[in-house]
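One file, coords-v4.txt, is given below (compact mmCIF, C-alpha atoms and all ligand atoms).
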```txt
# COMPACT_ATOMS: atom_id res chain seq x y z
CA MET V 271 41.90 -5.71 -40.44
CA SER V 272 44.76 -7.84 -41.76
CA TYR V 273 44.54 -10.55 -44.41
CA ALA V 274 46.04 -14.05 -44.41
CA VAL V 275 46.94 -14.96 -47.99
CA LYS V 276 48.13 -18.43 -48.98
CA GLU V 277 49.40 -17.47 -52.44
CA MET V 278 48.99 -15.13 -55.38
CA PHE V 279 49.71 -15.83 -59.04
CA LEU V 280 49.00 -14.68 -62.57
CA THR V 281 47.35 -17.26 -64.82
CA LEU V 282 44.27 -17.85 -66.98
CA GLN V 283 40.95 -18.50 -65.28
CA GLY V 284 40.55 -22.21 -65.91
CA GLU V 285 36.91 -22.72 -64.94
CA GLY V 286 33.46 -21.48 -65.73
CA VAL V 287 32.04 -18.84 -68.04
CA GLN V 288 35.17 -16.66 -67.71
CA ALA V 289 37.55 -19.53 -68.59
CA GLY V 290 40.50 -18.37 -70.65
CA ARG V 291 40.64 -14.91 -69.17
CA ARG V 292 43.97 -13.50 -67.90
CA ALA V 293 43.59 -13.17 -64.15
CA VAL V 294 45.44 -12.61 -60.92
CA PHE V 295 44.42 -15.28 -58.41
CA LEU V 296 44.42 -14.24 -54.77
CA ARG V 297 44.05 -17.34 -52.63
CA PHE V 298 43.08 -16.61 -49.02
CA ALA V 299 44.13 -18.97 -46.22
CA GLY V 300 41.46 -20.91 -44.30
CA CYS V 301 38.03 -22.38 -44.99
CA ASN V 302 34.87 -22.89 -42.93
CA LEU V 303 34.10 -26.33 -44.46
CA TRP V 304 37.48 -28.05 -43.91
CA SER V 305 40.55 -27.36 -41.76
CA GLY V 306 42.79 -28.19 -44.72
CA ARG V 307 44.54 -30.94 -42.74
CA GLU V 308 44.50 -34.40 -44.34
CA GLN V 309 43.67 -36.07 -41.00
CA ASP V 310 40.42 -34.04 -40.87
CA ARG V 311 39.34 -34.62 -44.48
CA ALA V 312 37.13 -37.66 -43.82
CA SER V 313 35.12 -35.81 -41.17
CA ALA V 314 34.90 -32.46 -42.98
CA VAL V 315 31.75 -31.05 -44.60
CA CYS V 316 33.71 -30.61 -47.84
CA ARG V 317 35.89 -33.67 -48.50
CA PHE V 318 37.05 -33.40 -52.10
CA CYS V 319 39.04 -30.19 -52.05
CA ASP V 320 41.91 -30.07 -54.58
CA THR V 321 43.64 -27.09 -52.95
CA ASP V 322 46.21 -26.36 -50.24
CA PHE V 323 44.96 -23.26 -48.45
CA VAL V 324 46.73 -23.75 -45.10
CA GLY V 325 49.09 -21.03 -43.92
CA THR V 326 50.63 -18.07 -45.71
CA ASP V 327 53.75 -19.72 -47.10
CA GLY V 328 52.92 -19.91 -50.82
CA LEU V 329 54.41 -17.81 -53.61
CA GLY V 330 53.08 -14.28 -53.16
CA GLY V 331 51.48 -15.27 -49.85
CA GLY V 332 51.86 -13.65 -46.47
CA ARG V 333 50.07 -11.52 -43.91
CA PHE V 334 49.02 -8.17 -45.29
CA ALA V 335 48.49 -5.44 -42.73
CA ASP V 336 46.07 -3.42 -44.80
CA ALA V 337 43.98 -3.48 -47.94
CA ARG V 338 46.19 -1.06 -49.90
CA ASP V 339 49.24 -3.29 -49.38
CA LEU V 340 47.33 -6.30 -50.65
CA ALA V 341 45.88 -4.47 -53.65
CA ASP V 342 49.35 -3.10 -54.50
CA ALA V 343 50.78 -6.65 -54.40
CA ALA V 344 47.97 -7.89 -56.68
CA LEU V 345 48.71 -5.12 -59.17
CA ARG V 346 52.39 -6.12 -59.24
CA PHE V 347 51.29 -9.62 -60.30
CA TRP V 348 49.11 -8.14 -63.04
CA GLY V 349 51.98 -6.04 -64.37
CA GLU V 350 52.08 -2.94 -66.53
CA ARG V 351 49.03 -3.43 -68.74
CA THR V 352 46.17 -1.10 -67.94
CA GLU V 353 43.42 -2.87 -69.91
CA GLY V 354 41.35 -5.83 -68.74
CA ARG V 355 42.53 -5.97 -65.13
CA TYR V 356 40.82 -8.97 -63.57
CA ILE V 357 41.29 -10.58 -60.16
CA VAL V 358 39.76 -13.79 -58.78
CA LEU V 359 39.36 -13.92 -54.98
CA THR V 360 39.45 -17.56 -53.91
CA GLY V 361 40.78 -19.79 -51.18
CA GLY V 362 39.96 -21.49 -48.92
CA GLU V 363 36.83 -19.48 -48.44
CA PRO V 364 37.44 -15.87 -49.44
CA MET V 365 34.29 -14.46 -47.81
CA LEU V 366 35.84 -15.14 -44.39
CA GLN V 367 38.22 -12.23 -45.04
CA ILE V 368 36.87 -9.94 -47.76
CA ASP V 369 35.77 -6.51 -46.51
CA ASP V 370 34.85 -3.06 -47.84
CA ALA V 371 38.42 -1.78 -47.64
CA LEU V 372 39.77 -4.56 -49.87
CA ILE V 373 37.00 -4.23 -52.46
CA ASP V 374 37.56 -0.45 -52.61
CA ALA V 375 41.33 -0.82 -52.90
CA LEU V 376 41.07 -3.37 -55.74
CA HIS V 377 38.50 -1.27 -57.61
CA GLY V 378 40.79 1.72 -57.03
CA HIS V 379 43.45 -0.14 -59.03
CA GLY V 380 40.98 -0.75 -61.85
CA PHE V 381 40.38 -4.44 -61.23
CA THR V 382 37.16 -6.19 -62.13
CA ILE V 383 36.68 -8.45 -59.11
CA ALA V 384 35.48 -12.07 -59.30
CA ILE V 385 34.91 -14.47 -56.42
CA GLU V 386 34.93 -18.25 -56.06
CA SER V 387 32.87 -19.03 -52.93
CA ASN V 388 31.09 -21.97 -51.35
CA GLY V 389 28.02 -19.78 -50.77
CA THR V 390 27.70 -20.31 -47.01
CA ILE V 391 28.42 -16.62 -46.33
CA PRO V 392 26.63 -13.84 -48.27
CA VAL V 393 29.05 -12.42 -50.82
CA HIS V 394 30.18 -8.80 -50.68
CA PRO V 395 27.84 -6.64 -52.82
CA GLY V 396 30.76 -4.85 -54.50
CA ILE V 397 32.01 -7.99 -56.26
CA ASP V 398 31.57 -7.88 -60.03
CA TRP V 399 31.42 -11.61 -60.88
CA VAL V 400 29.97 -14.10 -58.40
CA CYS V 401 30.67 -17.83 -58.78
CA ILE V 402 29.11 -20.06 -56.12
CA SER V 403 30.00 -23.74 -55.78
CA PRO V 404 27.59 -25.47 -53.36
CA LYS V 405 28.76 -28.32 -51.16
CA ALA V 406 26.53 -31.22 -50.04
CA GLY V 407 25.72 -30.96 -46.35
CA SER V 408 26.33 -27.20 -46.13
CA ASP V 409 23.75 -24.43 -45.87
CA VAL V 410 23.98 -22.34 -49.03
CA VAL V 411 22.68 -18.85 -48.25
CA GLN V 412 24.01 -17.12 -51.39
CA ARG V 413 21.48 -18.31 -53.98
CA SER V 414 21.98 -15.65 -56.62
CA GLY V 415 24.87 -14.51 -58.78
CA ASP V 416 26.53 -14.92 -62.15
CA GLU V 417 27.37 -18.63 -62.13
CA LEU V 418 26.44 -21.62 -60.02
CA LYS V 419 29.20 -24.21 -60.44
CA LEU V 420 28.20 -27.60 -59.10
CA VAL V 421 30.96 -30.19 -58.73
CA TRP V 422 29.54 -33.55 -59.83
CA PRO V 423 29.15 -36.20 -58.56
CA GLN V 424 29.61 -35.27 -54.92
CA PRO V 425 30.75 -38.11 -52.68
CA GLY V 426 29.47 -38.89 -49.19
CA ALA V 427 25.99 -37.53 -48.63
CA GLY V 428 26.04 -36.29 -52.21
CA HIS V 429 23.64 -33.98 -53.91
CA SER V 430 20.50 -35.84 -54.83
CA LEU V 431 18.74 -35.11 -58.09
CA ALA V 432 16.05 -33.36 -56.03
CA ASP V 433 18.74 -30.90 -54.88
CA VAL V 434 19.82 -30.40 -58.48
CA ALA V 435 16.24 -29.59 -59.49
CA GLU V 436 15.95 -27.10 -56.63
CA MET V 437 19.19 -25.38 -57.68
CA GLU V 438 17.80 -24.87 -61.17
CA ALA V 439 15.42 -22.32 -59.61
CA TRP V 440 18.20 -20.34 -57.89
CA ALA V 441 18.83 -16.92 -59.43
CA PHE V 442 22.04 -17.50 -61.37
CA ALA V 443 22.67 -16.39 -64.94
CA HIS V 444 24.56 -19.63 -65.66
CA HIS V 445 24.25 -23.15 -64.24
CA LEU V 446 27.44 -25.17 -64.66
CA ILE V 447 28.48 -28.75 -63.90
CA GLN V 448 32.16 -29.38 -63.15
CA PRO V 449 33.42 -32.98 -63.04
CA LEU V 450 34.85 -33.98 -59.68
CA ASP V 451 38.62 -34.40 -59.95
CA ASP V 452 39.67 -37.41 -57.92
CA ALA V 453 40.95 -40.94 -58.51
CA ARG V 454 37.80 -41.72 -60.55
CA ALA V 455 37.98 -38.66 -62.78
CA ALA V 456 37.03 -40.51 -65.99
CA ASP V 457 33.84 -41.96 -64.42
CA ASN V 458 33.04 -38.57 -62.91
CA ALA V 459 33.37 -36.86 -66.28
CA ARG V 460 30.92 -39.35 -67.80
CA ALA V 461 28.46 -38.78 -64.95
CA ALA V 462 28.75 -35.03 -65.48
CA VAL V 463 28.10 -35.35 -69.22
CA ASP V 464 25.09 -37.61 -68.49
CA LEU V 465 23.63 -35.01 -66.14
CA VAL V 466 23.92 -32.25 -68.74
CA MET V 467 22.37 -34.55 -71.37
CA ASP V 468 19.44 -35.13 -69.00
CA ARG V 469 19.02 -31.55 -67.79
CA PRO V 470 19.80 -28.93 -70.46
CA VAL V 471 19.62 -26.05 -67.96
CA TRP V 472 23.19 -27.05 -67.08
CA ARG V 473 26.38 -26.70 -69.11
CA LEU V 474 29.61 -28.59 -68.68
CA THR V 475 32.74 -26.75 -67.55
CA VAL V 476 36.13 -28.42 -67.22
CA GLN V 477 39.17 -27.33 -65.20
CA ALA V 478 41.14 -26.26 -68.28
CA HIS V 479 44.22 -25.17 -66.29
CA LYS V 480 44.79 -28.80 -65.27
CA TYR V 481 44.87 -29.89 -68.94
CA LEU V 482 47.08 -26.97 -69.93
CA GLY V 483 49.60 -27.36 -67.12
CA LEU V 484 48.77 -23.92 -65.71
CA ARG V 485 48.34 -23.11 -62.03
C1 LIG W 501 39.25 -24.60 -53.98
S1 LIG W 501 37.67 -23.86 -54.14
C2 LIG W 501 37.88 -22.30 -53.29
C3 LIG W 501 36.64 -21.42 -53.28
C4 LIG W 501 35.49 -21.85 -52.38
N1 LIG W 501 35.91 -22.37 -51.13
C5 LIG W 501 34.61 -22.86 -53.09
O1 LIG W 501 34.58 -24.01 -52.71
O2 LIG W 501 33.95 -22.46 -54.05
C6 LIG W 501 37.65 -23.36 -55.88
C7 LIG W 501 36.80 -24.19 -56.81
O3 LIG W 501 37.37 -25.49 -56.96
C8 LIG W 501 36.33 -26.43 -56.92
N2 LIG W 501 36.92 -27.72 -56.54
C9 LIG W 501 37.56 -28.01 -55.40
N3 LIG W 501 37.99 -29.28 -55.39
C10 LIG W 501 37.59 -29.81 -56.56
C11 LIG W 501 37.74 -31.12 -57.15
N4 LIG W 501 38.37 -32.12 -56.52
N5 LIG W 501 37.23 -31.31 -58.40
C12 LIG W 501 36.60 -30.31 -59.05
N6 LIG W 501 36.43 -29.07 -58.55
C13 LIG W 501 36.93 -28.83 -57.32
C14 LIG W 501 35.38 -25.85 -55.88
O4 LIG W 501 34.10 -26.43 -55.92
C15 LIG W 501 35.37 -24.40 -56.30
O5 LIG W 501 34.48 -24.19 -57.37
N1 LIG W 502 43.82 -21.46 -63.42
C1 LIG W 502 43.01 -21.64 -62.36
N2 LIG W 502 41.68 -21.39 -62.50
C2 LIG W 502 40.91 -21.53 -61.39
N3 LIG W 502 39.58 -21.27 -61.26
C3 LIG W 502 39.21 -21.45 -59.99
C4 LIG W 502 40.31 -21.84 -59.24
C5 LIG W 502 40.32 -21.93 -57.77
O1 LIG W 502 41.08 -22.70 -57.19
O2 LIG W 502 39.53 -21.19 -57.17
C6 LIG W 502 41.41 -21.91 -60.14
C7 LIG W 502 42.81 -22.24 -60.04
O3 LIG W 502 43.34 -22.67 -59.00
N4 LIG W 502 43.55 -22.07 -61.18
S1 LIG W 503 34.70 -25.17 -49.55
FE1 LIG W 503 36.16 -24.72 -51.20
S2 LIG W 503 38.16 -24.30 -50.21
FE2 LIG W 503 36.78 -25.15 -48.66
S3 LIG W 503 37.35 -27.29 -48.63
FE3 LIG W 503 35.62 -27.09 -50.08
S4 LIG W 503 36.50 -26.74 -52.13
FE4 LIG W 503 38.13 -26.45 -50.60
MG MG W 504 41.83 -24.49 -58.06
```

Using structure tokens, write down the structure that the file contains.
Ligand SMILES: C[S@@+](CC[C@H](N)C(=O)[O-])C[C@H]1O[C@@H](n2cnc3c(N)ncnc32)[C@H](O)[C@@H]1O
Ligand SMILES: Nc1nc2[nH]cc(C(=O)O)c2c(=O)[nH]1
Ligand code: SF4
Ligand SMILES: [Mg+2]
Amino acid sequence: MSYAVKEMFLTLQGEGVQAGRRAVFLRFAGCNLWSGREQDRASAVCRFCDTDFVGTDGLGGGRFADARDLADAALRFWGERTEGRYIVLTGGEPMLQIDDALIDALHGHGFTIAIESNGTIPVHPGIDWVCISPKAGSDVVQRSGDELKLVWPQPGAGHSLADVAEMEAWAFAHHLIQPLDDARAADNARAAVDLVMDRPVWRLTVQAHKYLGLR
């Protein structure tokens, strides 16, 4: 199978329990909850996306004919260092493209593999760190993993507090609230803090890369 990759880059993980960690980001093209076109945003299931995942034209992007080629390219972004190799598979929705061959090739290069997924497709069992970010109005089938990262508040249908209570019972090691980044970011941050104050199961995470000027 071939892979459509929007972009690849070396940065620090900005979000979640692994924030601050040196990581290669591999951003796959395409998502099952939005086309990525602005004219479709208002009618999409997921309407608040902060990411361009359309096409393969980004830095380090392209079509990769096989898993070894893609893993080799990822290793070039990591560079010479042999210790701590860490890669985050994101998108778009990475589970639309991840397969056994890619997981084996990345592990073969010594990477610990993390995923950022919307949870509507079961994640590959070979992935080492599973972050699921549920979207209101979608059917989340992946209800276990390392971190559940709920963007808050969610516009449109929105997650009700009943949904939040239900998610507290899902089998994640960490339950995180991430403020929604949009035109009302300051209000959203306050709402996110209020939720954590009310429900101590959750912890706040912020998108540190946006404060630091990193990708
Ligand atoms: C761009 S998504 C790609 C991975 C996957 N499709 C998903 O939604 O988890 C990466 C992360 O950014 C989060 N995100 C996207 N737009 C956001 C926004 N406007 N504010 C805060 N977090 C956002 C998502 O919820 C997800 O945790
Ligand atoms: N630095 C940095 N950290 C991130 N964590 C999750 C991201 C994503 O878009 O999946 C992301 C991203 O785009 N940049
Ligand atoms: S599911 Fe993820 S990639 Fe898809 S539109 Fe939503 S935030 Fe963006
Ligand atoms: Mg991002």

Box for ligand LIG 503 (chain W) - axis-aligned, 6 Å on each of the six sides, all listed atoms - centre and size in Å to one decimal, as JSON.
```
{"center_x": 36.4, "center_y": -25.8, "center_z": -50.4, "size_x": 15.5, "size_y": 15.0, "size_z": 15.5}
```

Let me see if you get this right: every residue at most 9 Å from ligand LIG 501 (chain W), counting all atoms listed in the file, written as a PyMOL selection string.
chain V and resi 285-286+297-298+300-303+316-323+359-365+385-389+401-405+418-422+448-452+455+476-477

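Atom CA of V:Val463 lies 18.2 Å from atom CA of V:Glu417.
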
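Nearest to V:Ala461 of all the residues V:Ala371, V:Ile447, V:Leu482, V:Leu366 is V:Ile447, based on only C-alpha atoms.
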
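Of note, atom CA of V:Ser414 and atom CA of V:Val466 are spaced 20.6 Å apart.
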
In terms of only C-alpha atoms and all ligand atoms, the residue from V:Gly332, V:Val411, V:Asn458, V:Val358 at minimal distance from ligand LIG 502 (chain W) is V:Val358

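For the residues V:Ala435, V:Ala314, V:Ala441, V:Ile368, ranking by smallest atom-to-atom distance to V:Val275 using only C-alpha atoms places V:Ile368 first.
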
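Between atom CA of V:Ser408 and atom FE3 of ligand LIG 503 (chain W) lies a distance of 10.1 Å.
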
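Nearest residue to ligand LIG 503 (chain W), choosing from V:Thr352, V:Thr390, V:Ala293, V:Ala439 and counting only C-alpha atoms and all ligand atoms: V:Thr390.
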
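Residues lying within 10 Å of V:Gly290, counting only C-alpha atoms and ignoring same-chain neighbours fewer than 6 positions away, are Thr281, Leu282, Gln283, Gly284, Ala478 and His479 of chain V.
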